[in-house]
Amino acid sequence: MVSTRLEHRVLDRFVTADRGVAELRKLVDHRQTVPRELTHRRSVSEVFVCDRARIAPELFVIAVQLPRAHSLWSDGHYEYHDTLMAAEAVRQAAIMSGHDFFEIAPETVMVARSFDLAVLSPDAFRDDRRNPLEGVLLFALTPQHAVDGPTGLTFETVLLIGDAPAMTMSGSLMFAAASDFALVRAMARAQLGERGEHAVTAPAGEVPAPELVGRDSPRHVAIRAVAEPAGIDRISVLVDPADAAFFDHPLDHVPGQLITEAVRQAATWSVCARSTDGAGGVPMVTRGRAAFDGFAELDVPTELELTVKALGAAQTYQVDATVVQWGKHIGAVAMELEFRSDAGRAANGERS
């Protein structure tokens, strides 16, 4: 198990001489989910947050549950729960905490702008094939204000599985009233239209078979090839607003969850195509970070410029991706992927 400064910083704010981790976990339970509108989900089945207790103005203890049969994040996974699903639980917790802290309306737009996660204990995510994964977040937020009201928050959190820290994550959200957000988006689209007048879109290429990107179902393949300059894979993100896995409710932009999953799939495809050490199956994201400078438009091709390199540990890879629309950089995603051998066997249909 690794340890991080963020882990210690968060634990120092929550754990006291008379209140340990076990006592904090007892403040919440996993019997039911919170109201879906507090997590900005349309489907109740997509809500991963179960309960919360506020122990200080900026400190929350939050119960989360990760299902074993999620349409996307369980597709191709047998031995481990997906750490990107845990990241989605954190995102939902951040949205809910924003509502609790600021007491703002559910229709307020909240958009994730960045995140940084680190898995401390990969084995804590092992699927016992009987139970959903239940955890508790020690969640600390820092509010951001302007003269006319809240503008967002930053957060740091530790995910406890049992009494042990399993993952850390930090990130930021921006807030906007629906009318203000519509104005911002209209201005961004107008600027994009001006840039796009002389843009050239590369021809579409091959869509990989699902097993090459760590998936079982073709409908969960999120990428297609565009080109392959020296050292860089150029990948197009497949965007389908009817795909309930990424578009639980209508959105006017490509969600960050889709872009992040596309980066992982692109890297998986690259590694599987070139590997000579047996890498395959579904890689675990053990480190991940993303930052978005703008919004990816639904009706404009979204491309990834990707580099993948092997790290010192066996079947572990560093991935760096730039997110581009019509030649403009709108974000960056980086990951460390670990192809755990038992996960690879399970994804190929072998049972231990």
# chains A, B, ... in the order shown; residues from 1 in each chain; ligands from 1
$ residues_around --residues "range 7-14 of chain A" --least-positions-apart "4" --cutoff "12 Å" --atoms "only C-alpha atoms" --output "VMD selection string"
chain A and resid 2 to 3 18 to 25 54 to 56 58 to 61 117 to 120 137 to 141 155 to 160 163 to 170
$ residues_around --residues "Val237 in chain A" --least-positions-apart "4" --cutoff "10 Å" --atoms "only C-alpha atoms" --output "PyMOL selection string"
chain A and resi 221-226+254+258-259+261-263+266+301-304+323
$ closest_residue --among "A:Pro250, A:Gly135, A:Pro35, A:Gly98" --to "Gln65 in chain A" --atoms "only C-alpha atoms"
A:Gly135
$ closest_residue --among "A:Tyr80, A:Ala17, A:Leu251, A:Val333" --to "Pro122 in chain A" --atoms "only C-alpha atoms"
A:Tyr80
$ closest_residue --among "A:Thr151, A:Ser121, A:Thr108, A:Thr286" --to "Glu336 in chain A" --atoms "only C-alpha atoms"
A:Thr286
$ select_by_dssp --residues "range 158-278 of chain A" --states "strand (DSSP E or B)" --output "JSON, numbers by chain"
{"A": [158, 159, 160, 161, 164, 165, 166, 167, 168, 169, 170, 171, 172, 173, 174, 175, 176, 223, 224, 225, 226, 227, 233, 234, 235, 236, 237]}
$ atom_distance --atom1 "CA of Phe181 in chain A" --atom2 "CA of Ala245 in chain A"
23.9 Å
$ residues_around --residues "Asp75 in chain A" --least-positions-apart "3" --cutoff "6 Å" --atoms "only C-alpha atoms" --output "number ranges by chain"
A: 72, 215-216
$ residues_around --residues "Ser217 in chain A" --least-positions-apart "5" --cutoff "12 Å" --atoms "only C-alpha atoms" --output "ChimeraX atom specification"
/A:71-77,208-212,222,347
$ closest_residue --among "A:Leu66, A:Val49, A:Val285, A:Ile330" --to "Asn131 in chain A" --atoms "only C-alpha atoms"
A:Leu66
$ atom_distance --atom1 "CA of Ala176 in chain A" --atom2 "CA of Pro241 in chain A"
22.5 Å
$ atom_distance --atom1 "CA of Val47 in chain A" --atom2 "CA of Val34 in chain A"
7.6 Å
$ residues_around --residues "Pro150 in chain A" --least-positions-apart "5" --cutoff "8 Å" --atoms "only C-alpha atoms" --output "list in words"
Phe102, Pro143, Gln144, His145 and Phe175 of chain A
$ residues_around --residues "range 90-95 of chain A" --least-positions-apart "6" --cutoff "7 Å" --atoms "only C-alpha atoms" --output "ChimeraX atom specification"
/A:38-39,49,110
$ write_last_selection --atoms "all heavy atoms" --output "PDB file, in the first residue's frame"
ATOM      1  N   LEU A  38     -29.657  15.528  -6.054  1.00  0.00           N
ATOM      2  CA  LEU A  38     -28.491  16.047  -5.348  1.00  0.00           C
ATOM      3  C   LEU A  38     -27.183  15.617  -5.987  1.00  0.00           C
ATOM      4  O   LEU A  38     -26.123  16.190  -5.694  1.00  0.00           O
ATOM      5  CB  LEU A  38     -28.525  15.594  -3.885  1.00  0.00           C
ATOM      6  CG  LEU A  38     -29.621  16.207  -3.016  1.00  0.00           C
ATOM      7  CD1 LEU A  38     -29.531  15.673  -1.594  1.00  0.00           C
ATOM      8  CD2 LEU A  38     -29.542  17.737  -3.020  1.00  0.00           C
ATOM      9  N   THR A  39     -27.230  14.606  -6.843  1.00  0.00           N
ATOM     10  CA  THR A  39     -26.023  14.148  -7.540  1.00  0.00           C
ATOM     11  C   THR A  39     -26.086  14.435  -9.042  1.00  0.00           C
ATOM     12  O   THR A  39     -25.212  14.017  -9.786  1.00  0.00           O
ATOM     13  CB  THR A  39     -25.818  12.639  -7.338  1.00  0.00           C
ATOM     14  OG1 THR A  39     -26.916  11.927  -7.886  1.00  0.00           O
ATOM     15  CG2 THR A  39     -25.682  12.314  -5.853  1.00  0.00           C
ATOM     16  N   VAL A  49     -24.073   7.557  -4.300  1.00  0.00           N
ATOM     17  CA  VAL A  49     -23.956   8.139  -2.960  1.00  0.00           C
ATOM     18  C   VAL A  49     -25.143   7.684  -2.113  1.00  0.00           C
ATOM     19  O   VAL A  49     -26.293   7.787  -2.546  1.00  0.00           O
ATOM     20  CB  VAL A  49     -23.905   9.672  -3.019  1.00  0.00           C
ATOM     21  CG1 VAL A  49     -23.821  10.260  -1.612  1.00  0.00           C
ATOM     22  CG2 VAL A  49     -22.715  10.135  -3.854  1.00  0.00           C
ATOM     23  N   MET A 110     -23.343  22.399 -12.274  1.00  0.00           N
ATOM     24  CA  MET A 110     -22.049  22.128 -11.657  1.00  0.00           C
ATOM     25  C   MET A 110     -21.246  21.275 -12.625  1.00  0.00           C
ATOM     26  O   MET A 110     -21.699  20.208 -13.032  1.00  0.00           O
ATOM     27  CB  MET A 110     -22.219  21.399 -10.324  1.00  0.00           C
ATOM     28  CG  MET A 110     -22.964  22.178  -9.266  1.00  0.00           C
ATOM     29  SD  MET A 110     -22.982  21.263  -7.688  1.00  0.00           S
ATOM     30  CE  MET A 110     -23.964  22.370  -6.677  1.00  0.00           C
TER      31      MET A 110
END
$ select_by_dssp --residues "range 103-222 of chain A" --states "alpha helix (DSSP H)" --output "VMD selection string"
chain A and resid 178 to 196
$ closest_residue --among "A:Ala313, A:Leu133, A:Leu306, A:Met174" --to "His81 in chain A" --atoms "only C-alpha atoms"
A:Leu133
